[in-house]
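Quick look at structure_19.txt (compact mmCIF, C-alpha atoms and all ligand atoms):
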# COMPACT_ATOMS: atom_id res chain seq x y z
CA MET X 62 95.70 6.12 58.36
CA ARG X 63 92.43 7.46 56.94
CA ALA X 64 90.69 10.21 58.85
CA VAL X 65 87.89 12.72 58.29
CA GLU X 66 88.76 16.31 59.13
CA PHE X 67 87.77 19.89 58.36
CA LYS X 68 90.19 22.62 57.37
CA GLU X 69 87.68 25.48 57.67
CA TYR X 70 84.49 26.11 59.63
CA GLY X 71 81.17 25.57 57.86
CA GLY X 72 78.43 23.08 56.98
CA PRO X 73 78.76 19.29 56.67
CA GLU X 74 80.47 19.77 53.28
CA VAL X 75 83.69 20.97 54.99
CA LEU X 76 84.28 17.39 56.22
CA GLY X 77 86.75 15.58 53.94
CA SER X 78 88.71 12.31 53.93
CA VAL X 79 92.49 12.59 54.28
CA GLU X 80 95.55 10.40 54.80
CA ALA X 81 97.13 11.39 58.12
CA GLU X 82 99.89 10.28 60.44
CA ALA X 83 98.62 7.77 63.03
CA PRO X 84 98.98 9.12 66.61
CA GLU X 85 101.38 7.47 69.08
CA PRO X 86 100.47 7.18 72.77
CA GLY X 87 102.36 9.37 75.25
CA PRO X 88 102.65 8.53 78.97
CA GLY X 89 99.25 7.54 80.36
CA GLN X 90 97.70 7.35 76.89
CA VAL X 91 96.32 4.61 74.66
CA THR X 92 95.81 4.35 70.90
CA VAL X 93 92.83 2.42 69.54
CA ASP X 94 92.36 0.77 66.13
CA VAL X 95 88.87 2.11 65.62
CA ALA X 96 85.99 -0.17 64.64
CA TYR X 97 83.13 2.35 65.04
CA ALA X 98 82.93 6.03 65.94
CA GLY X 99 79.82 7.55 67.51
CA VAL X 100 78.38 10.78 66.14
CA ASN X 101 77.53 13.43 68.73
CA PHE X 102 75.82 16.80 68.41
CA ALA X 103 79.07 18.27 69.77
CA ASP X 104 80.79 17.10 66.54
CA LEU X 105 78.40 19.34 64.59
CA LYS X 106 78.99 22.26 66.97
CA ALA X 107 82.74 21.81 66.39
CA ARG X 108 82.26 22.96 62.78
CA GLU X 109 81.06 26.36 64.13
CA GLU X 110 83.79 28.88 64.80
CA GLY X 111 84.21 29.67 68.50
CA TYR X 112 83.43 26.18 69.83
CA ARG X 113 86.13 24.15 71.63
CA VAL X 114 88.30 23.35 68.56
CA PRO X 115 91.94 24.14 69.47
CA ALA X 116 93.27 24.52 65.88
CA LEU X 117 92.50 23.70 62.24
CA PRO X 118 92.59 21.22 60.55
CA TYR X 119 90.53 19.30 63.12
CA VAL X 120 89.43 15.66 63.25
CA PRO X 121 86.10 15.50 65.14
CA GLY X 122 84.86 12.50 67.12
CA LEU X 123 84.52 12.07 70.89
CA GLU X 124 83.84 8.35 71.21
CA VAL X 125 85.06 5.16 69.57
CA SER X 126 85.12 1.41 69.99
CA GLY X 127 87.85 -0.89 68.73
CA LEU X 128 90.99 -2.76 69.72
CA VAL X 129 93.84 -1.36 71.81
CA ARG X 130 96.68 -0.69 69.35
CA ALA X 131 99.41 0.49 71.77
CA VAL X 132 99.71 1.74 75.35
CA GLY X 133 101.99 4.51 76.63
CA ALA X 134 104.30 4.45 79.65
CA GLY X 135 102.57 3.88 82.97
CA VAL X 136 99.35 2.43 81.56
CA THR X 137 98.16 -0.66 83.42
CA GLY X 138 95.18 -2.96 82.85
CA LEU X 139 94.99 -2.47 79.08
CA THR X 140 96.84 -4.59 76.52
CA PRO X 141 97.15 -4.49 72.72
CA GLY X 142 94.33 -6.36 70.98
CA GLN X 143 91.87 -5.86 73.85
CA GLN X 144 88.35 -4.73 72.91
CA VAL X 145 87.57 -1.29 74.35
CA ALA X 146 85.27 1.73 74.21
CA ALA X 147 86.91 5.13 74.65
CA LEU X 148 85.97 8.74 75.26
CA THR X 149 88.42 10.96 73.36
CA ALA X 150 89.12 14.68 73.34
CA GLY X 151 88.48 14.76 69.56
CA GLY X 152 90.07 12.71 66.78
CA GLY X 153 87.58 9.82 66.80
CA TYR X 154 86.74 10.05 63.07
CA ALA X 155 89.91 8.14 62.17
CA GLU X 156 91.32 4.65 61.80
CA VAL X 157 93.49 5.25 64.88
CA ALA X 158 92.32 7.34 67.83
CA LEU X 159 94.23 8.60 70.87
CA ALA X 160 92.70 8.64 74.37
CA GLU X 161 93.78 9.09 77.97
CA ALA X 162 93.89 5.63 79.62
CA ALA X 163 91.47 6.87 82.32
CA THR X 164 88.76 7.19 79.66
CA VAL X 165 89.38 3.83 77.94
CA PHE X 166 87.06 1.05 79.10
CA ALA X 167 87.53 -2.70 78.57
CA LEU X 168 84.31 -4.09 77.10
CA PRO X 169 82.28 -6.08 79.61
CA PRO X 170 81.31 -9.60 78.44
CA GLY X 171 78.33 -9.59 76.09
CA LEU X 172 78.85 -6.06 74.79
CA ASP X 173 79.71 -5.93 71.08
CA LEU X 174 81.87 -3.26 69.44
CA ARG X 175 78.95 -1.69 67.55
CA THR X 176 76.91 -1.10 70.71
CA ALA X 177 80.04 -0.08 72.63
CA ALA X 178 80.66 2.87 70.28
CA THR X 179 77.30 4.38 71.24
CA LEU X 180 78.07 4.51 74.97
CA PRO X 181 81.08 6.64 76.03
CA THR X 182 79.51 10.09 75.65
CA VAL X 183 75.77 9.64 75.94
CA LEU X 184 75.52 7.09 78.75
CA PRO X 185 77.66 8.84 81.42
CA THR X 186 76.13 12.19 80.47
CA ALA X 187 72.56 10.93 80.85
CA TYR X 188 73.45 9.15 84.12
CA ALA X 189 75.09 12.27 85.55
CA LEU X 190 72.15 14.47 84.54
CA VAL X 191 69.54 12.24 86.17
CA HIS X 192 71.40 10.95 89.21
CA ARG X 193 74.43 13.07 90.06
CA VAL X 194 73.66 16.66 89.13
CA GLY X 195 69.86 16.38 88.77
CA ARG X 196 69.51 14.12 91.85
CA LEU X 197 66.13 12.83 90.72
CA GLN X 198 64.10 11.38 93.61
CA LYS X 199 61.43 8.69 93.39
CA GLY X 200 58.06 10.23 92.53
CA GLU X 201 59.51 13.48 91.13
CA SER X 202 58.71 14.80 87.67
CA ILE X 203 61.35 15.42 85.00
CA LEU X 204 61.31 17.17 81.64
CA VAL X 205 64.04 16.91 78.98
CA HIS X 206 64.58 18.55 75.59
CA GLY X 207 65.69 16.53 72.55
CA ALA X 208 63.86 13.50 73.97
CA ALA X 209 64.21 11.46 70.74
CA GLY X 210 67.99 11.98 70.43
CA GLY X 211 70.96 10.15 71.95
CA VAL X 212 71.01 11.67 75.43
CA GLY X 213 67.21 12.12 75.45
CA THR X 214 66.33 8.47 74.82
CA VAL X 215 68.65 7.31 77.61
CA VAL X 216 67.42 9.97 80.07
CA GLY X 217 63.82 8.79 79.54
CA GLN X 218 64.75 5.21 80.44
CA LEU X 219 66.94 6.16 83.44
CA ALA X 220 64.24 8.44 84.85
CA ARG X 221 61.62 5.71 84.49
CA ALA X 222 63.93 3.17 86.19
CA ALA X 223 64.58 5.67 89.01
CA GLY X 224 60.85 5.74 89.77
CA ALA X 225 60.06 9.22 88.42
CA GLY X 226 56.43 10.22 88.92
CA ALA X 227 56.18 11.80 85.45
CA VAL X 228 58.67 11.70 82.57
CA GLN X 229 58.11 14.46 80.01
CA GLY X 230 60.02 15.18 76.82
CA VAL X 231 60.20 18.05 74.32
CA VAL X 232 60.94 17.49 70.62
CA SER X 233 60.68 19.44 67.36
CA SER X 234 58.30 17.16 65.41
CA ALA X 235 55.41 14.72 65.79
CA ALA X 236 57.54 11.90 64.30
CA LYS X 237 60.17 12.44 67.00
CA ALA X 238 57.45 12.48 69.69
CA GLU X 239 56.26 9.09 68.48
CA TYR X 240 59.82 7.69 68.58
CA ALA X 241 60.58 9.07 72.07
CA ARG X 242 57.43 7.50 73.58
CA GLY X 243 59.15 4.10 73.30
CA PHE X 244 61.89 5.22 75.72
CA GLY X 245 60.17 5.76 79.06
CA TYR X 246 58.32 9.03 78.38
CA ASP X 247 54.77 9.50 79.66
CA GLU X 248 54.27 12.60 77.51
CA VAL X 249 56.25 14.20 74.71
CA PHE X 250 55.49 17.80 73.74
CA VAL X 251 56.13 19.30 70.31
CA ASP X 252 57.42 22.77 71.18
CA SER X 253 56.41 24.32 67.85
CA GLU X 254 52.75 23.41 68.50
CA SER X 255 52.56 25.22 71.83
CA ASP X 256 55.03 26.56 74.40
CA PHE X 257 56.69 23.60 76.16
CA ALA X 258 56.72 25.32 79.57
CA GLU X 259 52.96 25.84 79.38
CA GLN X 260 52.42 22.23 78.28
CA ALA X 261 54.59 20.98 81.16
CA ARG X 262 52.67 23.06 83.72
CA ARG X 263 49.35 21.88 82.34
CA ALA X 264 50.47 18.25 82.50
CA THR X 265 51.41 18.67 86.17
CA ASP X 266 48.14 20.42 87.16
CA GLY X 267 49.91 23.76 87.31
CA ARG X 268 52.60 22.57 89.72
CA GLY X 269 55.54 22.46 87.28
CA VAL X 270 58.36 19.89 87.08
CA ASP X 271 60.94 19.08 89.75
CA LEU X 272 63.83 18.62 87.31
CA LEU X 273 64.39 20.11 83.85
CA LEU X 274 67.35 19.07 81.68
CA ASP X 275 68.28 21.74 79.14
CA PRO X 276 70.74 21.21 76.24
CA VAL X 277 69.47 24.25 74.27
CA GLY X 278 70.37 27.34 76.35
CA GLY X 279 69.43 30.98 75.66
CA SER X 280 65.74 31.88 75.54
CA THR X 281 64.72 28.19 75.84
CA LEU X 282 66.55 27.92 79.16
CA ARG X 283 64.82 31.07 80.38
CA ARG X 284 61.40 29.75 79.31
CA GLY X 285 62.27 26.54 81.16
CA LEU X 286 62.47 28.39 84.47
CA ASP X 287 58.71 28.94 84.17
CA ALA X 288 58.17 25.18 83.91
CA LEU X 289 59.82 24.52 87.30
CA ALA X 290 57.91 23.60 90.45
CA VAL X 291 58.75 25.22 93.80
CA TYR X 292 62.35 24.18 94.62
CA GLY X 293 62.70 22.92 91.03
CA ARG X 294 66.16 22.26 89.55
CA LEU X 295 67.32 23.04 86.03
CA VAL X 296 70.51 21.45 84.67
CA SER X 297 72.13 23.10 81.64
CA TYR X 298 74.26 20.78 79.49
CA GLY X 299 74.46 22.34 76.05
CA ASN X 300 73.88 25.33 73.81
CA ALA X 301 72.18 23.71 70.81
CA GLY X 302 70.26 26.91 70.08
CA GLY X 303 73.52 28.82 69.51
CA GLU X 304 72.38 31.91 71.48
CA LEU X 305 74.73 33.92 73.71
CA PRO X 306 75.69 32.12 76.96
CA TRP X 307 72.89 32.41 79.52
CA GLN X 308 73.20 34.49 82.66
CA LEU X 309 70.87 34.38 85.65
CA GLY X 310 70.78 36.40 88.82
CA GLN X 311 69.69 35.92 92.41
CA SER X 312 66.31 37.57 91.79
CA GLU X 313 65.30 35.07 89.08
CA LEU X 314 66.42 32.08 91.12
CA ALA X 315 64.89 33.25 94.40
CA THR X 316 61.46 33.00 92.75
CA HIS X 317 60.12 29.65 94.01
CA GLY X 318 63.59 28.73 95.36
CA ARG X 319 64.80 27.49 91.97
CA SER X 320 68.32 26.27 91.37
CA VAL X 321 70.34 25.96 88.18
CA ALA X 322 73.35 23.67 87.71
CA ALA X 323 75.48 22.58 84.75
CA PHE X 324 77.32 19.53 83.47
CA SER X 325 80.00 18.84 80.84
CA ILE X 326 81.45 15.36 80.37
CA LEU X 327 84.52 16.73 78.56
CA THR X 328 85.27 19.12 81.40
CA LEU X 329 84.82 16.34 83.97
CA ALA X 330 87.16 14.08 81.95
CA ARG X 331 89.79 16.81 82.10
CA THR X 332 89.32 17.99 85.68
CA ASP X 333 88.53 14.71 87.46
CA PRO X 334 89.15 11.62 85.31
CA GLY X 335 88.61 9.36 88.34
CA ALA X 336 85.10 10.74 88.85
CA LEU X 337 84.40 10.34 85.13
CA ARG X 338 85.58 6.72 85.24
CA GLU X 339 83.35 5.88 88.22
CA LEU X 340 80.42 7.59 86.49
CA ALA X 341 81.02 5.80 83.17
CA GLU X 342 81.33 2.36 84.76
CA ARG X 343 78.05 2.82 86.61
CA ALA X 344 76.38 4.16 83.49
CA PHE X 345 77.58 1.27 81.29
CA ARG X 346 76.08 -1.17 83.79
CA THR X 347 72.63 0.27 83.07
CA VAL X 348 73.07 -1.20 79.57
CA THR X 349 74.81 -4.48 80.39
CA GLU X 350 72.69 -5.26 83.46
CA GLY X 351 69.77 -2.86 83.47
CA GLY X 352 68.34 -3.17 79.98
CA VAL X 353 68.82 0.47 78.93
CA ARG X 354 69.07 0.61 75.13
CA LEU X 355 70.27 3.19 72.64
CA PRO X 356 69.40 1.94 69.16
CA VAL X 357 71.62 2.80 66.21
CA THR X 358 69.20 4.28 63.69
CA ALA X 359 71.71 5.05 60.93
CA GLU X 360 75.24 3.90 60.13
CA PHE X 361 77.60 5.42 57.53
CA PRO X 362 81.10 4.49 56.37
CA LEU X 363 83.71 6.89 57.79
CA ALA X 364 84.22 8.65 54.45
CA ARG X 365 80.50 9.60 54.43
CA ALA X 366 80.58 11.34 57.83
CA ALA X 367 79.16 14.48 56.18
CA GLU X 368 75.89 12.61 55.52
CA ALA X 369 75.60 11.72 59.21
CA HIS X 370 76.14 15.40 60.10
CA ALA X 371 73.54 16.53 57.57
CA LEU X 372 71.02 14.05 59.01
CA MET X 373 71.55 15.18 62.61
CA GLY X 374 71.80 18.87 61.66
CA GLY X 375 68.51 18.62 59.74
CA ARG X 376 66.80 17.69 63.04
CA THR X 377 65.33 14.48 61.68
CA SER X 378 67.67 12.00 63.38
CA THR X 379 66.57 9.83 66.30
CA GLY X 380 68.53 7.53 68.62
CA LYS X 381 72.22 7.16 67.80
CA LEU X 382 74.20 7.67 64.57
CA LEU X 383 77.40 5.68 63.98
CA LEU X 384 80.37 5.77 61.60
CA ARG X 385 81.75 2.39 60.48
CA VAL X 386 85.53 2.65 60.40
CA ALA X 387 87.09 -0.83 60.30
CA ALA X 388 84.33 -3.10 61.53
N1 LIG G 401 77.25 18.58 78.56
C1 LIG G 401 77.60 17.38 78.16
O1 LIG G 401 78.45 16.73 78.77
C2 LIG G 401 76.94 16.80 76.95
C3 LIG G 401 77.27 15.50 76.53
C4 LIG G 401 76.59 14.95 75.44
C5 LIG G 401 75.62 15.72 74.78
N2 LIG G 401 75.37 16.98 75.21
C6 LIG G 401 74.35 17.81 74.56
O2 LIG G 401 73.16 17.05 74.58
C7 LIG G 401 72.39 17.32 73.42
C8 LIG G 401 72.08 16.00 72.73
O3 LIG G 401 73.29 15.47 72.22
P1 LIG G 401 73.31 14.17 71.32
O4 LIG G 401 74.70 14.02 70.83
O5 LIG G 401 72.65 13.06 72.05
O6 LIG G 401 72.45 14.61 70.05
P2 LIG G 401 70.98 14.19 69.58
O7 LIG G 401 70.04 14.49 70.69
O8 LIG G 401 71.01 12.81 69.06
O9 LIG G 401 70.74 15.18 68.36
C9 LIG G 401 70.77 16.58 68.51
C10 LIG G 401 69.54 17.12 69.27
O10 LIG G 401 69.57 18.50 69.35
C11 LIG G 401 68.28 19.04 69.11
N3 LIG G 401 68.53 20.24 68.30
C12 LIG G 401 69.17 20.31 67.14
N4 LIG G 401 69.27 21.60 66.72
C13 LIG G 401 68.69 22.33 67.67
C14 LIG G 401 68.48 23.71 67.83
N5 LIG G 401 68.89 24.60 66.93
N6 LIG G 401 67.83 24.13 68.91
C15 LIG G 401 67.41 23.22 69.82
N7 LIG G 401 67.59 21.90 69.74
C16 LIG G 401 68.23 21.45 68.66
C17 LIG G 401 67.47 17.99 68.41
O11 LIG G 401 66.23 17.81 69.07
P3 LIG G 401 64.83 18.38 68.48
O12 LIG G 401 64.96 18.46 67.00
O13 LIG G 401 63.82 17.40 68.93
O14 LIG G 401 64.73 19.69 69.15
C18 LIG G 401 68.26 16.70 68.65
O15 LIG G 401 67.65 15.86 69.59
C19 LIG G 401 73.25 18.27 72.56
O16 LIG G 401 72.83 19.59 72.77
C20 LIG G 401 74.64 18.07 73.09
O17 LIG G 401 75.47 19.17 72.89
C21 LIG G 401 76.00 17.54 76.28

So that I can check it, write out the structure of this file as structure tokens.
Ligand SMILES: NC(=O)c1ccc[n+]([C@@H]2O[C@H](COP(=O)([O-])OP(=O)(O)OC[C@H]3O[C@@H](n4cnc5c(N)ncnc54)[C@H](OP(=O)(O)O)[C@@H]3O)[C@@H](O)[C@H]2O)c1
Amino acid sequence: MRAVEFKEYGGPEVLGSVEAEAPEPGPGQVTVDVAYAGVNFADLKAREEGYRVPALPYVPGLEVSGLVRAVGAGVTGLTPGQQVAALTAGGGYAEVALAEAATVFALPPGLDLRTAATLPTVLPTAYALVHRVGRLQKGESILVHGAAGGVGTVVGQLARAAGAGAVQGVVSSAAKAEYARGFGYDEVFVDSESDFAEQARRATDGRGVDLLLDPVGGSTLRRGLDALAVYGRLVSYGNAGGELPWQLGQSELATHGRSVAAFSILTLARTDPGALRELAERAFRTVTEGGVRLPVTAEFPLARAAEAHALMGGRTSTGKLLLRVAA
């Protein structure tokens, strides 16, 4: 099979096409003939040494759509040829991908393979951030970084649908602010123009926001604490800024009774696949029944995955990027 892998850490140029052995499913596993693979920011982080890559060479890719190729012992409810979307633990940039059956989802009627490839990572993550970990209540205010990106565009729509009182986003450019406004945001701040925490406080008459979703970490996470209202919650779900892992103590959190939580879809998939499955099924329904959309703004053939990485890494991408594998 064809796959895209990297043999050393580095920029997008380390991604190269190779011929590789197709994986076979073990007990409880499924292989998928991949139609499309979604591109996630985590795929870019994987090229940095010290991220969660177990060994080199490494085939990135956390989500695919396609047809079930084979099922391992003990797998029920999935049959070869069936259309599915799958969350994988890597290896999605390939003609054949391997996934645990618990994270393989039969496509609901009306969902095409192209749209399905955009869902497995972003949708459950955004749903968990807003509803499960963030516990957004009707009338509350929410602020999210990367509002024009994959997770950000879905969070805006879910927060709006949940009856949020104010939905605020942070982005790195005016063009991204314009894009994000179409996805449920009342206001989108460009952080380089003025400090986002100050802008958020101003927009809430000095009160601050009830819920802040932070995928950046480091000094941005610390600045975010100042944007929180009394009893405000901050959920950390990434380290896009690449700074050292954040640490907070009782004294910082006791101020205004703040709380900080965290979420990782890959960790949940490993530690509680049943919870991940319930979360994903609910989240997918927001697309099939609730009208949530995540437009594909750029699509590349698998062999040109490096171009997709360069686009996202250059901070000009919006919405969702896809790789076309065998569509
Ligand atoms: N914890 C989880 O389970 C989980 C699951 C999925 C995604 N995530 C995280 O959620 C975020 C969005 O993921 P995505 O795949 O949907 O990507 P994306 O938002 O489509 O694209 C990457 C985003 O990261 C921001 N960014 C890029 N470089 C940055 C930097 N150096 N500092 C701060 N922000 C930077 C960009 O926003 P601006 O240019 O507007 O700042 C852009 O929106 C990522 O941080 C990802 O790791 C976490």

As JSON, please report the centre and edge lengths, rounded to one decimal in Å, of the axis-aligned box that holds all listed atoms of range 189-206 of chain X with 6 Å of padding on each of the six sides.
{"center_x": 66.6, "center_y": 13.6, "center_z": 84.6, "size_x": 29.0, "size_y": 21.9, "size_z": 30.0}

Counting all atoms listed in the file, which residues of chain X fall within 8 Å of ligand LIG 401 (chain G), and what is the closest atom pair for each with its distance in Å at one decimal, ordered by chain and rising number, as a tab-separated table?
residue	atom	partner	partner_atom	distance
X:Val100	CA	G:LIG401	O4	6.8
X:Asn101	CA	G:LIG401	O4	3.6
X:Phe102	CA	G:LIG401	O4	3.9
X:Ala103	CA	G:LIG401	O17	4.8
X:Lys106	CA	G:LIG401	O17	7.5
X:Thr182	CA	G:LIG401	C4	5.7
X:Val183	CA	G:LIG401	C4	5.4
X:Thr186	CA	G:LIG401	C3	5.3
X:Ala187	CA	G:LIG401	C4	7.9
X:His206	CA	G:LIG401	O14	6.5
X:Gly207	CA	G:LIG401	O15	3.6
X:Ala208	CA	G:LIG401	O15	6.3
X:Ala209	CA	G:LIG401	O15	5.7
X:Gly210	CA	G:LIG401	O7	3.3
X:Gly211	CA	G:LIG401	O5	3.4
X:Val212	CA	G:LIG401	O5	4.0
X:Gly213	CA	G:LIG401	O7	6.0
X:Val231	CA	G:LIG401	O13	6.5
X:Val232	CA	G:LIG401	O13	3.3
X:Ser233	CA	G:LIG401	O13	4.1
X:Ser234	CA	G:LIG401	O13	6.6
X:Lys237	CA	G:LIG401	O13	6.5
X:Pro276	CA	G:LIG401	O16	4.4
X:Val277	CA	G:LIG401	C15	5.0
X:Ser297	CA	G:LIG401	N1	7.5
X:Tyr298	CA	G:LIG401	N1	3.8
X:Gly299	CA	G:LIG401	O16	4.6
X:Asn300	CA	G:LIG401	O16	5.9
X:Ala301	CA	G:LIG401	O16	4.6
X:Gly302	CA	G:LIG401	N6	3.9
X:Gly303	CA	G:LIG401	N5	6.8
X:Ala323	CA	G:LIG401	N1	7.6
X:Phe324	CA	G:LIG401	N1	5.0
X:Ser325	CA	G:LIG401	O1	3.3
X:Ile326	CA	G:LIG401	O1	3.7
X:Leu327	CA	G:LIG401	O1	6.1
X:Thr328	CA	G:LIG401	O1	7.7
X:Met373	CA	G:LIG401	O9	5.8
X:Gly374	CA	G:LIG401	C12	6.2
X:Gly375	CA	G:LIG401	C12	7.6
X:Arg376	CA	G:LIG401	O12	4.4
X:Thr377	CA	G:LIG401	O12	6.7
X:Ser378	CA	G:LIG401	O8	6.6
X:Thr379	CA	G:LIG401	O8	6.0
X:Gly380	CA	G:LIG401	O8	5.8
X:Lys381	CA	G:LIG401	O8	5.9
X:Leu382	CA	G:LIG401	O8	7.5

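Across X:Asp256, X:Glu69, X:Glu110, X:Glu74, the tightest approach to Ala369 in chain X is made by X:Glu74 when counting all atoms listed in the file.
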
Computed interatomic separation between CA of Gly122 in chain X and CA of Ala107 in chain X (Å):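 Atom-to-atom, CA of Gly122 in chain X and CA of Ala107 in chain X are spaced 9.6 Å apart.
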
Protein/DNA/RNA residues near (69.8, 11.6, 87.3), cut 12 Å, all atoms listed in the file, as number ranges by chain: X: 184-199, 201-205, 212, 215-225, 271-274, 294-296, 324, 340, 344

Go ahead and dump the residues you just picked, C-alpha atoms, as a compact mmCIF listing (two decimals), keeping the file's coordinate frame.
# COMPACT_ATOMS: atom_id res chain seq x y z
CA LEU X 184 75.52 7.09 78.75
CA PRO X 185 77.66 8.84 81.42
CA THR X 186 76.13 12.19 80.47
CA ALA X 187 72.56 10.93 80.85
CA TYR X 188 73.45 9.15 84.12
CA ALA X 189 75.09 12.27 85.55
CA LEU X 190 72.15 14.47 84.54
CA VAL X 191 69.54 12.24 86.17
CA HIS X 192 71.40 10.95 89.21
CA ARG X 193 74.43 13.07 90.06
CA VAL X 194 73.66 16.66 89.13
CA GLY X 195 69.86 16.38 88.77
CA ARG X 196 69.51 14.12 91.85
CA LEU X 197 66.13 12.83 90.72
CA GLN X 198 64.10 11.38 93.61
CA LYS X 199 61.43 8.69 93.39
CA GLU X 201 59.51 13.48 91.13
CA SER X 202 58.71 14.80 87.67
CA ILE X 203 61.35 15.42 85.00
CA LEU X 204 61.31 17.17 81.64
CA VAL X 205 64.04 16.91 78.98
CA VAL X 212 71.01 11.67 75.43
CA VAL X 215 68.65 7.31 77.61
CA VAL X 216 67.42 9.97 80.07
CA GLY X 217 63.82 8.79 79.54
CA GLN X 218 64.75 5.21 80.44
CA LEU X 219 66.94 6.16 83.44
CA ALA X 220 64.24 8.44 84.85
CA ARG X 221 61.62 5.71 84.49
CA ALA X 222 63.93 3.17 86.19
CA ALA X 223 64.58 5.67 89.01
CA GLY X 224 60.85 5.74 89.77
CA ALA X 225 60.06 9.22 88.42
CA ASP X 271 60.94 19.08 89.75
CA LEU X 272 63.83 18.62 87.31
CA LEU X 273 64.39 20.11 83.85
CA LEU X 274 67.35 19.07 81.68
CA ARG X 294 66.16 22.26 89.55
CA LEU X 295 67.32 23.04 86.03
CA VAL X 296 70.51 21.45 84.67
CA PHE X 324 77.32 19.53 83.47
CA LEU X 340 80.42 7.59 86.49
CA ALA X 344 76.38 4.16 83.49

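Pairwise distance (CA of Thr332 in chain X, CA of Ala150 in chain X) equals 12.8 Å.
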
Sphere at (92.0, 3.6, 78.3), radius 8 Å, counting all atoms listed in the file: residues as a count of residues only: 13

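Considering all atoms listed in the file, the residue among X:Val120, X:Val125, X:Val348, X:Ala178 positioned nearest to Ala81 in chain X is X:Val120.
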
Exercise: Glu350 in chain X partners within 12 Å, all atoms listed in the file, chain neighbours under 5 positions left out, as a PyMOL selection string: chain X and resi 169-172+342-345

Interatomic distance, CA of Ala371 in chain X to CA of Leu282 in chain X (Å, one decimal): 25.4 Å

Who sits within 12 Å of Arg283 in chain X, only C-alpha atoms, same chain under 2 positions skipped, as a PDB file with C-alpha atoms, keeping the file's coordinate frame:
ATOM      1  CA  PHE X 257      56.690  23.600  76.160  1.00  0.00           C
ATOM      2  CA  ALA X 258      56.720  25.320  79.570  1.00  0.00           C
ATOM      3  CA  LEU X 273      64.390  20.110  83.850  1.00  0.00           C
ATOM      4  CA  ASP X 275      68.280  21.740  79.140  1.00  0.00           C
ATOM      5  CA  VAL X 277      69.470  24.250  74.270  1.00  0.00           C
ATOM      6  CA  GLY X 278      70.370  27.340  76.350  1.00  0.00           C
ATOM      7  CA  GLY X 279      69.430  30.980  75.660  1.00  0.00           C
ATOM      8  CA  SER X 280      65.740  31.880  75.540  1.00  0.00           C
ATOM      9  CA  THR X 281      64.720  28.190  75.840  1.00  0.00           C
ATOM     10  CA  GLY X 285      62.270  26.540  81.160  1.00  0.00           C
ATOM     11  CA  LEU X 286      62.470  28.390  84.470  1.00  0.00           C
ATOM     12  CA  ASP X 287      58.710  28.940  84.170  1.00  0.00           C
ATOM     13  CA  ALA X 288      58.170  25.180  83.910  1.00  0.00           C
ATOM     14  CA  LEU X 289      59.820  24.520  87.300  1.00  0.00           C
ATOM     15  CA  LEU X 295      67.320  23.040  86.030  1.00  0.00           C
ATOM     16  CA  VAL X 296      70.510  21.450  84.670  1.00  0.00           C
ATOM     17  CA  SER X 297      72.130  23.100  81.640  1.00  0.00           C
ATOM     18  CA  GLU X 304      72.380  31.910  71.480  1.00  0.00           C
ATOM     19  CA  PRO X 306      75.690  32.120  76.960  1.00  0.00           C
ATOM     20  CA  TRP X 307      72.890  32.410  79.520  1.00  0.00           C
ATOM     21  CA  GLN X 308      73.200  34.490  82.660  1.00  0.00           C
ATOM     22  CA  LEU X 309      70.870  34.380  85.650  1.00  0.00           C
ATOM     23  CA  GLY X 310      70.780  36.400  88.820  1.00  0.00           C
ATOM     24  CA  GLU X 313      65.300  35.070  89.080  1.00  0.00           C
ATOM     25  CA  LEU X 314      66.420  32.080  91.120  1.00  0.00           C
ATOM     26  CA  VAL X 321      70.340  25.960  88.180  1.00  0.00           C
TER      27      VAL X 321
END

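Counting only C-alpha atoms and comparing X:Gly77, X:Pro88, X:Leu355, X:Glu339, the residue that lies closest to Val136 in chain X is X:Pro88.
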